[in-house]
>>> print(open('entry_27.cif').read())   # mmCIF, C-alpha atoms, pLDDT in the B column; chains and numbers go by the auth columns
data_coords
#
loop_
_atom_site.group_PDB
_atom_site.id
_atom_site.type_symbol
_atom_site.label_atom_id
_atom_site.label_comp_id
_atom_site.label_asym_id
_atom_site.label_seq_id
_atom_site.Cartn_x
_atom_site.Cartn_y
_atom_site.Cartn_z
_atom_site.B_iso_or_equiv
_atom_site.auth_seq_id
_atom_site.auth_asym_id
ATOM 1 C CA MET A 1 0.000 0.000 0.000 47.00 1123 A
ATOM 2 C CA GLN A 2 2.824 2.396 0.870 48.00 1124 A
ATOM 3 C CA ARG A 3 4.450 1.670 -2.488 48.00 1125 A
ATOM 4 C CA ALA A 4 1.167 2.416 -4.272 49.00 1126 A
ATOM 5 C CA ILE A 5 0.765 5.754 -2.465 48.00 1127 A
ATOM 6 C CA ARG A 6 4.293 6.789 -3.459 48.00 1128 A
ATOM 7 C CA SER A 7 3.643 5.823 -7.076 49.00 1129 A
ATOM 8 C CA LEU A 8 0.334 7.687 -7.131 48.00 1130 A
ATOM 9 C CA ALA A 9 1.993 10.862 -5.870 47.00 1131 A
ATOM 10 C CA VAL A 10 4.659 10.762 -8.571 47.00 1132 A
ATOM 11 C CA TRP A 11 2.238 9.841 -11.368 50.00 1133 A
ATOM 12 C CA MET A 12 -0.349 12.450 -10.418 49.00 1134 A
ATOM 13 C CA CYS A 13 2.193 15.271 -10.515 46.00 1135 A
ATOM 14 C CA LEU A 14 3.368 14.072 -13.923 47.00 1136 A
ATOM 15 C CA VAL A 15 -0.239 13.981 -15.092 50.00 1137 A
ATOM 16 C CA ALA A 16 -0.794 17.573 -13.967 46.00 1138 A
ATOM 17 C CA ALA A 17 2.256 18.695 -15.916 46.00 1139 A
ATOM 18 C CA ALA A 18 1.181 16.726 -18.997 48.00 1140 A
ATOM 19 C CA VAL A 19 -2.278 18.300 -18.979 47.00 1141 A
ATOM 20 C CA SER A 20 -0.698 21.760 -18.743 44.00 1142 A
ATOM 21 C CA VAL A 21 1.575 21.057 -21.715 45.00 1143 A
ATOM 22 C CA ALA A 22 -1.399 19.807 -23.715 46.00 1144 A
ATOM 23 C CA ALA A 23 -3.276 23.019 -23.002 44.00 1145 A
ATOM 24 C CA ALA A 24 -0.283 25.073 -24.074 44.00 1146 A
ATOM 25 C CA ALA A 25 0.303 23.320 -27.375 45.00 1147 A
ATOM 26 C CA PRO A 26 -3.035 22.235 -28.849 46.00 1148 A
ATOM 27 C CA ASN A 27 -1.643 21.894 -32.368 50.00 1149 A
ATOM 28 C CA LEU A 28 1.098 19.573 -31.147 52.00 1150 A
ATOM 29 C CA LEU A 29 -0.959 17.333 -28.892 56.00 1151 A
ATOM 30 C CA ASP A 30 -4.405 17.652 -30.452 77.00 1152 A
ATOM 31 C CA LEU A 31 -5.199 13.963 -30.857 87.00 1153 A
ATOM 32 C CA LYS A 32 -7.622 13.147 -33.665 92.00 1154 A
ATOM 33 C CA VAL A 33 -7.706 9.327 -33.410 95.00 1155 A
ATOM 34 C CA GLU A 34 -7.778 6.486 -30.904 96.00 1156 A
ATOM 35 C CA TYR A 35 -4.752 4.206 -30.676 95.00 1157 A
ATOM 36 C CA SER A 36 -2.574 1.946 -28.543 96.00 1158 A
ATOM 37 C CA ALA A 37 1.211 1.590 -28.371 95.00 1159 A
ATOM 38 C CA ASP A 38 4.042 -0.057 -26.464 96.00 1160 A
ATOM 39 C CA THR A 39 6.126 2.336 -24.372 92.00 1161 A
ATOM 40 C CA VAL A 40 9.849 2.333 -23.608 91.00 1162 A
ATOM 41 C CA ILE A 41 10.778 4.742 -20.811 85.00 1163 A
ATOM 42 C CA GLY A 42 14.459 5.539 -20.240 85.00 1164 A
ATOM 43 C CA LYS A 43 17.581 4.532 -22.105 82.00 1165 A
ATOM 44 C CA ASP A 44 20.209 2.667 -20.060 82.00 1166 A
ATOM 45 C CA SER A 45 17.761 0.687 -17.894 83.00 1167 A
ATOM 46 C CA PRO A 46 14.483 1.101 -19.772 87.00 1168 A
ATOM 47 C CA ARG A 47 11.064 0.280 -18.336 86.00 1169 A
ATOM 48 C CA PHE A 48 8.419 -1.158 -20.612 91.00 1170 A
ATOM 49 C CA GLY A 49 4.684 -0.596 -20.683 91.00 1171 A
ATOM 50 C CA HIS A 50 1.611 -0.212 -22.842 94.00 1172 A
ATOM 51 C CA LEU A 51 -0.469 2.866 -23.629 93.00 1173 A
ATOM 52 C CA TRP A 52 -4.112 3.151 -24.694 95.00 1174 A
ATOM 53 C CA ARG A 53 -5.197 6.600 -25.873 93.00 1175 A
ATOM 54 C CA THR A 54 -8.277 8.497 -27.017 93.00 1176 A
ATOM 55 C CA PRO A 55 -8.760 12.254 -27.410 90.00 1177 A
ATOM 56 C CA VAL A 56 -10.331 12.394 -23.927 89.00 1178 A
ATOM 57 C CA ALA A 57 -8.625 9.595 -21.996 91.00 1179 A
ATOM 58 C CA LEU A 58 -5.455 7.588 -21.546 89.00 1180 A
ATOM 59 C CA ARG A 59 -4.377 4.444 -19.747 93.00 1181 A
ATOM 60 C CA HIS A 60 -0.823 3.289 -19.114 90.00 1182 A
ATOM 61 C CA ASP A 61 0.208 -0.099 -17.732 91.00 1183 A
ATOM 62 C CA MET A 62 3.802 -0.708 -16.648 87.00 1184 A
ATOM 63 C CA ASP A 63 5.512 -3.588 -14.871 80.00 1185 A
ATOM 64 C CA ASP A 64 7.509 -2.389 -11.852 73.00 1186 A
ATOM 65 C CA ASN A 65 9.656 -5.233 -10.523 73.00 1187 A
ATOM 66 C CA GLY A 66 6.884 -7.756 -11.007 75.00 1188 A
ATOM 67 C CA GLN A 67 4.071 -5.455 -9.839 75.00 1189 A
ATOM 68 C CA MET A 68 1.729 -3.953 -12.407 80.00 1190 A
ATOM 69 C CA GLN A 69 1.176 -0.197 -12.195 83.00 1191 A
ATOM 70 C CA THR A 70 -1.872 1.148 -14.015 88.00 1192 A
ATOM 71 C CA VAL A 71 -2.735 4.826 -14.376 87.00 1193 A
ATOM 72 C CA ILE A 72 -5.999 6.020 -15.938 90.00 1194 A
ATOM 73 C CA VAL A 73 -6.557 9.675 -16.831 86.00 1195 A
ATOM 74 C CA ARG A 74 -9.956 11.016 -17.890 88.00 1196 A
ATOM 75 C CA LEU A 75 -9.469 14.480 -19.339 83.00 1197 A
ATOM 76 C CA ASP A 76 -13.199 14.754 -20.001 88.00 1198 A
ATOM 77 C CA GLN A 77 -14.000 14.024 -16.347 89.00 1199 A
ATOM 78 C CA LYS A 78 -10.925 15.841 -14.954 84.00 1200 A
ATOM 79 C CA THR A 79 -10.095 12.724 -12.953 87.00 1201 A
ATOM 80 C CA ALA A 80 -7.098 10.391 -12.641 84.00 1202 A
ATOM 81 C CA TRP A 81 -6.869 6.912 -11.114 88.00 1203 A
ATOM 82 C CA MET A 82 -4.125 4.540 -10.113 84.00 1204 A
ATOM 83 C CA LEU A 83 -5.057 0.869 -9.789 87.00 1205 A
ATOM 84 C CA VAL A 84 -3.643 -1.375 -7.067 83.00 1206 A
ATOM 85 C CA PRO A 85 -4.490 -4.913 -8.272 85.00 1207 A
ATOM 86 C CA ALA A 86 -3.198 -6.694 -5.156 82.00 1208 A
ATOM 87 C CA LEU A 87 -5.744 -4.791 -3.048 85.00 1209 A
ATOM 88 C CA LYS A 88 -8.432 -4.374 -5.733 90.00 1210 A
ATOM 89 C CA LEU A 89 -8.172 -0.674 -5.020 88.00 1211 A
ATOM 90 C CA ALA A 90 -8.516 2.378 -7.287 90.00 1212 A
ATOM 91 C CA LEU A 91 -6.912 5.548 -5.917 84.00 1213 A
ATOM 92 C CA GLY A 92 -8.287 8.654 -7.586 85.00 1214 A
ATOM 93 C CA THR A 93 -7.794 12.398 -7.519 84.00 1215 A
ATOM 94 C CA ASP A 94 -9.049 15.545 -9.205 81.00 1216 A
ATOM 95 C CA LEU A 95 -7.006 16.971 -12.080 73.00 1217 A
ATOM 96 C CA GLU A 96 -8.196 20.526 -11.454 67.00 1218 A
ATOM 97 C CA GLY A 97 -7.102 20.243 -7.835 61.00 1219 A
ATOM 98 C CA LEU A 98 -3.696 18.978 -8.914 58.00 1220 A
ATOM 99 C CA THR A 99 -3.046 22.164 -10.866 54.00 1221 A
ATOM 100 C CA GLN A 100 -3.248 24.053 -7.564 51.00 1222 A
ATOM 101 C CA LEU A 101 -0.187 22.247 -6.176 49.00 1223 A
ATOM 102 C CA SER A 102 2.933 24.403 -6.096 46.00 1224 A
ATOM 103 C CA GLY A 103 4.881 22.581 -8.804 49.00 1225 A
ATOM 104 C CA ALA A 104 1.916 21.912 -11.074 48.00 1226 A
ATOM 105 C CA ALA A 105 0.631 25.454 -10.697 46.00 1227 A
ATOM 106 C CA GLY A 106 4.011 26.732 -11.840 48.00 1228 A
ATOM 107 C CA VAL A 107 3.873 24.587 -14.950 47.00 1229 A
ATOM 108 C CA LEU A 108 0.334 25.717 -15.662 45.00 1230 A
ATOM 109 C CA GLY A 109 1.312 29.351 -15.217 48.00 1231 A
ATOM 110 C CA ALA A 110 4.159 28.941 -17.681 50.00 1232 A
ATOM 111 C CA ALA A 111 2.105 26.911 -20.149 51.00 1233 A
ATOM 112 C CA ASP A 112 1.803 29.743 -22.658 55.00 1234 A
ATOM 113 C CA LYS A 113 5.610 29.848 -22.848 59.00 1235 A
ATOM 114 C CA LEU A 114 5.776 26.314 -24.252 63.00 1236 A
ATOM 115 C CA LYS A 115 5.841 27.178 -27.923 70.00 1237 A
ATOM 116 C CA PRO A 116 6.698 24.126 -30.045 79.00 1238 A
ATOM 117 C CA ILE A 117 8.706 24.944 -33.166 87.00 1239 A
ATOM 118 C CA ALA A 118 8.740 22.501 -36.081 90.00 1240 A
ATOM 119 C CA VAL A 119 12.350 21.720 -37.012 94.00 1241 A
ATOM 120 C CA GLY A 120 11.968 18.862 -39.491 95.00 1242 A
ATOM 121 C CA ASN A 121 10.262 15.646 -40.500 96.00 1243 A
ATOM 122 C CA GLU A 122 11.218 12.041 -39.774 96.00 1244 A
ATOM 123 C CA THR A 123 9.766 8.576 -40.206 96.00 1245 A
ATOM 124 C CA ILE A 124 9.437 6.669 -36.918 95.00 1246 A
ATOM 125 C CA GLU A 125 7.842 3.228 -36.624 90.00 1247 A
ATOM 126 C CA GLY A 126 6.733 3.569 -40.230 93.00 1248 A
ATOM 127 C CA LEU A 127 4.810 6.774 -39.491 95.00 1249 A
ATOM 128 C CA ARG A 128 5.610 10.247 -40.808 96.00 1250 A
ATOM 129 C CA ALA A 129 6.201 12.635 -37.914 94.00 1251 A
ATOM 130 C CA THR A 130 7.065 16.279 -37.396 92.00 1252 A
ATOM 131 C CA LYS A 131 9.913 16.957 -34.975 93.00 1253 A
ATOM 132 C CA TYR A 132 9.200 19.877 -32.617 89.00 1254 A
ATOM 133 C CA ARG A 133 11.640 21.778 -30.420 90.00 1255 A
ATOM 134 C CA VAL A 134 10.059 22.533 -27.031 84.00 1256 A
ATOM 135 C CA GLN A 135 11.723 24.886 -24.546 83.00 1257 A
ATOM 136 C CA MET A 136 10.746 26.448 -21.244 77.00 1258 A
ATOM 137 C CA ASN A 137 12.650 28.450 -18.662 76.00 1259 A
ATOM 138 C CA ASP A 138 10.418 29.737 -15.877 70.00 1260 A
ATOM 139 C CA PRO A 139 11.276 30.657 -12.248 70.00 1261 A
ATOM 140 C CA GLU A 140 8.355 28.643 -10.841 64.00 1262 A
ATOM 141 C CA ALA A 141 7.802 25.869 -13.356 61.00 1263 A
ATOM 142 C CA GLY A 142 11.490 25.148 -13.937 70.00 1264 A
ATOM 143 C CA ARG A 143 13.432 24.505 -17.114 77.00 1265 A
ATOM 144 C CA PHE A 144 12.912 22.070 -19.985 77.00 1266 A
ATOM 145 C CA ASP A 145 14.669 21.721 -23.312 86.00 1267 A
ATOM 146 C CA GLY A 146 13.877 18.898 -25.667 87.00 1268 A
ATOM 147 C CA PHE A 147 12.061 17.501 -28.671 89.00 1269 A
ATOM 148 C CA VAL A 148 8.696 15.888 -29.362 86.00 1270 A
ATOM 149 C CA TRP A 149 7.906 13.868 -32.472 91.00 1271 A
ATOM 150 C CA SER A 150 4.199 13.888 -33.406 89.00 1272 A
ATOM 151 C CA THR A 151 2.138 12.784 -36.413 92.00 1273 A
ATOM 152 C CA SER A 152 -0.461 14.926 -38.173 91.00 1274 A
ATOM 153 C CA GLN A 153 -3.117 12.924 -36.273 92.00 1275 A
ATOM 154 C CA GLY A 154 -1.609 13.955 -32.930 88.00 1276 A
ATOM 155 C CA ILE A 155 0.074 10.637 -32.107 91.00 1277 A
ATOM 156 C CA VAL A 156 3.252 11.304 -30.120 89.00 1278 A
ATOM 157 C CA LEU A 157 5.976 8.859 -31.194 92.00 1279 A
ATOM 158 C CA LYS A 158 8.941 10.061 -29.156 90.00 1280 A
ATOM 159 C CA ILE A 159 9.908 12.505 -26.388 87.00 1281 A
ATOM 160 C CA ASP A 160 13.536 13.344 -25.637 89.00 1282 A
ATOM 161 C CA GLY A 161 14.779 16.148 -23.419 86.00 1283 A
ATOM 162 C CA ALA A 162 16.194 17.323 -20.120 85.00 1284 A
ATOM 163 C CA GLY A 163 14.981 19.657 -17.437 79.00 1285 A
ATOM 164 C CA GLU A 164 15.237 20.970 -13.890 76.00 1286 A
ATOM 165 C CA GLN A 165 12.698 21.824 -11.203 65.00 1287 A
ATOM 166 C CA ASN A 166 13.252 22.724 -7.547 63.00 1288 A
ATOM 167 C CA GLY A 167 16.934 21.871 -7.868 69.00 1289 A
ATOM 168 C CA ARG A 168 16.290 18.397 -9.311 69.00 1290 A
ATOM 169 C CA HIS A 169 17.750 17.640 -12.728 75.00 1291 A
ATOM 170 C CA GLY A 170 16.617 14.811 -14.970 78.00 1292 A
ATOM 171 C CA THR A 171 16.133 13.521 -18.494 83.00 1293 A
ATOM 172 C CA VAL A 172 12.967 12.405 -20.236 80.00 1294 A
ATOM 173 C CA ARG A 173 13.265 9.696 -22.886 87.00 1295 A
ATOM 174 C CA ILE A 174 10.078 7.953 -23.996 88.00 1296 A
ATOM 175 C CA ALA A 175 9.597 5.975 -27.208 92.00 1297 A
ATOM 176 C CA PHE A 176 6.246 4.702 -28.468 93.00 1298 A
ATOM 177 C CA ARG A 177 6.407 1.548 -30.583 96.00 1299 A
ATOM 178 C CA ASN A 178 3.997 -0.763 -32.411 97.00 1300 A
ATOM 179 C CA VAL A 179 1.404 1.993 -32.753 96.00 1301 A
ATOM 180 C CA ARG A 180 -2.021 0.614 -33.697 97.00 1302 A
ATOM 181 C CA VAL A 181 -4.749 3.081 -34.697 96.00 1303 A
ATOM 182 C CA SER A 182 -8.183 1.636 -33.865 97.00 1304 A
ATOM 183 C CA PRO A 183 -11.184 2.256 -31.587 98.00 1305 A
ATOM 184 C CA GLN A 184 -10.389 1.517 -27.934 97.00 1306 A
ATOM 185 C CA ASP A 185 -12.610 -0.343 -25.465 97.00 1307 A
ATOM 186 C CA ALA A 186 -14.256 2.283 -23.225 96.00 1308 A
ATOM 187 C CA THR A 187 -13.998 -0.017 -20.179 96.00 1309 A
ATOM 188 C CA LEU A 188 -10.194 0.356 -20.289 96.00 1310 A
ATOM 189 C CA PHE A 189 -10.608 3.908 -19.003 96.00 1311 A
ATOM 190 C CA GLU A 190 -12.685 3.082 -15.938 96.00 1312 A
ATOM 191 C CA PRO A 191 -11.716 1.411 -12.631 95.00 1313 A
ATOM 192 C CA PRO A 192 -12.565 -2.311 -13.009 94.00 1314 A
ATOM 193 C CA ALA A 193 -15.724 -3.711 -11.489 93.00 1315 A
ATOM 194 C CA GLY A 194 -15.058 -5.023 -8.007 94.00 1316 A
ATOM 195 C CA TYR A 195 -12.398 -2.417 -7.232 95.00 1317 A
ATOM 196 C CA ARG A 196 -12.937 -0.188 -4.201 94.00 1318 A
ATOM 197 C CA GLN A 197 -12.628 3.453 -5.236 93.00 1319 A
ATOM 198 C CA VAL A 198 -10.864 5.813 -2.819 88.00 1320 A
ATOM 199 C CA THR A 199 -10.481 9.516 -3.565 86.00 1321 A
ATOM 200 C CA VAL A 200 -7.167 11.094 -2.539 81.00 1322 A
ATOM 201 C CA ALA A 201 -7.228 14.863 -2.039 77.00 1323 A
ATOM 202 C CA PRO A 202 -4.647 16.834 -4.074 66.00 1324 A
ATOM 203 C CA ALA A 203 -3.443 18.434 -0.830 67.00 1325 A
ATOM 204 C CA MET A 204 -2.641 14.947 0.481 69.00 1326 A
ATOM 205 C CA ILE A 205 -0.542 14.264 -2.612 60.00 1327 A
ATOM 206 C CA SER A 206 1.343 17.514 -2.024 57.00 1328 A
ATOM 207 C CA GLY A 207 2.054 16.440 1.563 60.00 1329 A
ATOM 208 C CA MET A 208 3.232 13.014 0.400 56.00 1330 A
ATOM 209 C CA MET A 209 5.594 14.566 -2.128 52.00 1331 A
ATOM 210 C CA LYS A 210 7.120 16.865 0.519 58.00 1332 A
ATOM 211 C CA ALA A 211 7.566 13.915 2.896 58.00 1333 A
ATOM 212 C CA MET A 212 9.246 11.900 0.140 50.00 1334 A
ATOM 213 C CA GLU A 213 11.655 14.761 -0.547 53.00 1335 A
ATOM 214 C CA GLN A 214 12.531 15.059 3.155 60.00 1336 A
ATOM 215 C CA MET A 215 13.141 11.305 3.419 54.00 1337 A
ATOM 216 C CA GLN A 216 15.374 11.462 0.365 49.00 1338 A
ATOM 217 C CA ARG A 217 17.476 14.208 1.973 55.00 1339 A
ATOM 218 C CA LEU A 218 17.841 12.203 5.197 58.00 1340 A
ATOM 219 C CA ARG A 219 19.184 9.132 3.432 52.00 1341 A
ATOM 220 C CA PRO A 220 22.912 8.629 4.044 58.00 1342 A
ATOM 221 C CA ALA A 221 25.119 9.315 1.067 53.00 1343 A
ATOM 222 C CA PRO A 222 26.460 6.151 -0.632 49.00 1344 A
ATOM 223 C CA GLN A 223 29.945 5.196 0.484 54.00 1345 A
ATOM 224 C CA GLN A 224 32.687 5.632 -2.051 48.00 1346 A
#
>>> encode(input="entry_27.cif", output="structure tokens")
Amino acid sequence: MQRAIRSLAVWMCLVAAAVSVAAAAPNLLDLKVEYSADTVIGKDSPRFGHLWRTPVALRHDMDDNGQMQTVIVRLDQKTAWMLVPALKLALGTDLEGLTQLSGAAGVLGAADKLKPIAVGNETIEGLRATKYRVQMNDPEAGRFDGFVWSTSQGIVLKIDGAGEQNGRHGTVRIAFRNVRVSPQDATLFEPPAGYRQVTVAPAMISGMMKAMEQMQRLRPAPQQ
């Protein structure tokens, strides 16, 4: 359960940022079709998952050391869920509330600064894509510099960049493979029948994130 709460906190903050980026760049992320794809996150030690996507919803499943992590986002309902199969539990929160968190609010406030610039065309996974340069440098939201490859239908095929927020630096490398354009089963974007649904307040997520950061600082440095 503790592991699930930690994962929910991280995923929900990422979701809030993603929604803000989508609002800032409608031409780049304006999805016109429904599709599914395999995901490869990271480069040196990649993690593998599967994505289902519609213009108003997404679901991502990823294996985390033998435990399945599932995140469902309903943009039309402004709701996000994380499933905990071992407990038959669905932890949910409000997307609008998430944008009021300090980090997410900063991203939202800087959303109009995310101006994608087309820099070329490439073929990825057999699909023609436009490569966009995306940059942001904002005192509250942080810094990001990278590229997004997207088709004319709004299917994102690759994300590659680096950024910094609150003193934390990191890279983002996500590849989407085996893209299949087709109607998606609506039940994929709802908590399964038999799952107990528990709503987690955005303020609770903020508190969890601060506690995680404090615990990280208290960890002893690795011995050389």
>>> atom_distance(input="entry_27.cif", atom1="atom CA of A:Ile1296", atom2="atom CA of A:Trp1271")
10.6 Å
>>> closest_residue(input="entry_27.cif", among="A:Ala1240, A:Arg1265, A:Gln1189, A:Ser1274", to="A:Lys1253", atoms="only C-alpha atoms")
A:Ala1240
>>> resolve_selection(input="entry_27.cif", expression="the PyMOL selection byres ((chain A and resi 1214) around 10)", output="MDAnalysis selection string")
chainID A and resid 1130 1134 1193:1195 1201:1205 1211:1213 1215:1217 1313 1319:1324
>>> closest_residue(input="entry_27.cif", among="A:Asn1300, A:Gln1199, A:Gln1191, A:Thr1161", to="A:Glu1312", atoms="only C-alpha atoms")
A:Gln1199
>>> atom_distance(input="entry_27.cif", atom1="atom CA of A:Val1178", atom2="atom CA of A:Leu1279")
18.2 Å
>>> residues_around(input="entry_27.cif", residues="A:Val1256", least_positions_apart="6", cutoff="6 Å", atoms="all atoms listed in the file", output="PDB file with C-alpha atoms, in the coordinates of the input")
ATOM      1  CA  PRO A1238       6.698  24.126 -30.045  1.00 79.00           C
ATOM      2  CA  ASP A1267      14.669  21.721 -23.312  1.00 86.00           C
ATOM      3  CA  GLY A1268      13.877  18.898 -25.667  1.00 87.00           C
ATOM      4  CA  PHE A1269      12.061  17.501 -28.671  1.00 89.00           C
TER       5      PHE A1269
END
>>> closest_residue(input="entry_27.cif", among="A:Ala1297, A:Leu1153, A:Val1241, A:Ile1246", to="A:Ala1179", atoms="all atoms listed in the file")
A:Leu1153
>>> resolve_selection(input="entry_27.cif", expression="the PyMOL selection byres ((chain A and resi 1169) around 10)", output="list in words")
Thr1161, Val1162, Ile1163, Gly1164, Lys1165, Asp1166, Ser1167, Pro1168, Phe1170, Gly1171, Met1184, Asp1185, Asp1186, Asn1187 and Ile1296 of chain A
>>> write_last_selection(input="entry_27.cif", atoms="C-alpha atoms", output="mmCIF file, in the coordinates of the input")
data_model
loop_
_atom_site.group_PDB
_atom_site.id
_atom_site.type_symbol
_atom_site.label_atom_id
_atom_site.label_comp_id
_atom_site.auth_asym_id
_atom_site.auth_seq_id
_atom_site.Cartn_x
_atom_site.Cartn_y
_atom_site.Cartn_z
ATOM 1 C CA THR A 1161 6.126 2.336 -24.372
ATOM 2 C CA VAL A 1162 9.849 2.333 -23.608
ATOM 3 C CA ILE A 1163 10.778 4.742 -20.811
ATOM 4 C CA GLY A 1164 14.459 5.539 -20.240
ATOM 5 C CA LYS A 1165 17.581 4.532 -22.105
ATOM 6 C CA ASP A 1166 20.209 2.667 -20.060
ATOM 7 C CA SER A 1167 17.761 0.687 -17.894
ATOM 8 C CA PRO A 1168 14.483 1.101 -19.772
ATOM 9 C CA PHE A 1170 8.419 -1.158 -20.612
ATOM 10 C CA GLY A 1171 4.684 -0.596 -20.683
ATOM 11 C CA MET A 1184 3.802 -0.708 -16.648
ATOM 12 C CA ASP A 1185 5.512 -3.588 -14.871
ATOM 13 C CA ASP A 1186 7.509 -2.389 -11.852
ATOM 14 C CA ASN A 1187 9.656 -5.233 -10.523
ATOM 15 C CA ILE A 1296 10.078 7.953 -23.996
#
>>> closest_residue(input="entry_27.cif", among="A:Leu1209, A:Ile1281, A:Asp1160, A:Lys1154", to="A:Thr1293", atoms="only C-alpha atoms")
A:Ile1281
>>> atom_distance(input="entry_27.cif", atom1="atom CA of A:Ser1272", atom2="atom CA of A:Thr1309")
26.4 Å
>>> residues_around(input="entry_27.cif", residues="A:Tyr1157", least_positions_apart="2", cutoff="10 Å", atoms="all atoms listed in the file", output="ChimeraX atom specification")
/A:1153-1155,1159,1173-1177,1180,1277,1301-1306
>>> residues_around(input="entry_27.cif", residues="A:Glu1244", least_positions_apart="3", cutoff="10 Å", atoms="all atoms listed in the file", output="PyMOL selection string")
chain A and resi 1247-1253+1271-1273
>>> axis_aligned_box(input="entry_27.cif", around="stretch 1239-1250 of chain A", padding_each_side="8 Å", output="AutoDock Vina command-line options")
--center_x 8.6 --center_y 14.1 --center_z -37.0 --size_x 23.5 --size_y 37.7 --size_z 23.6
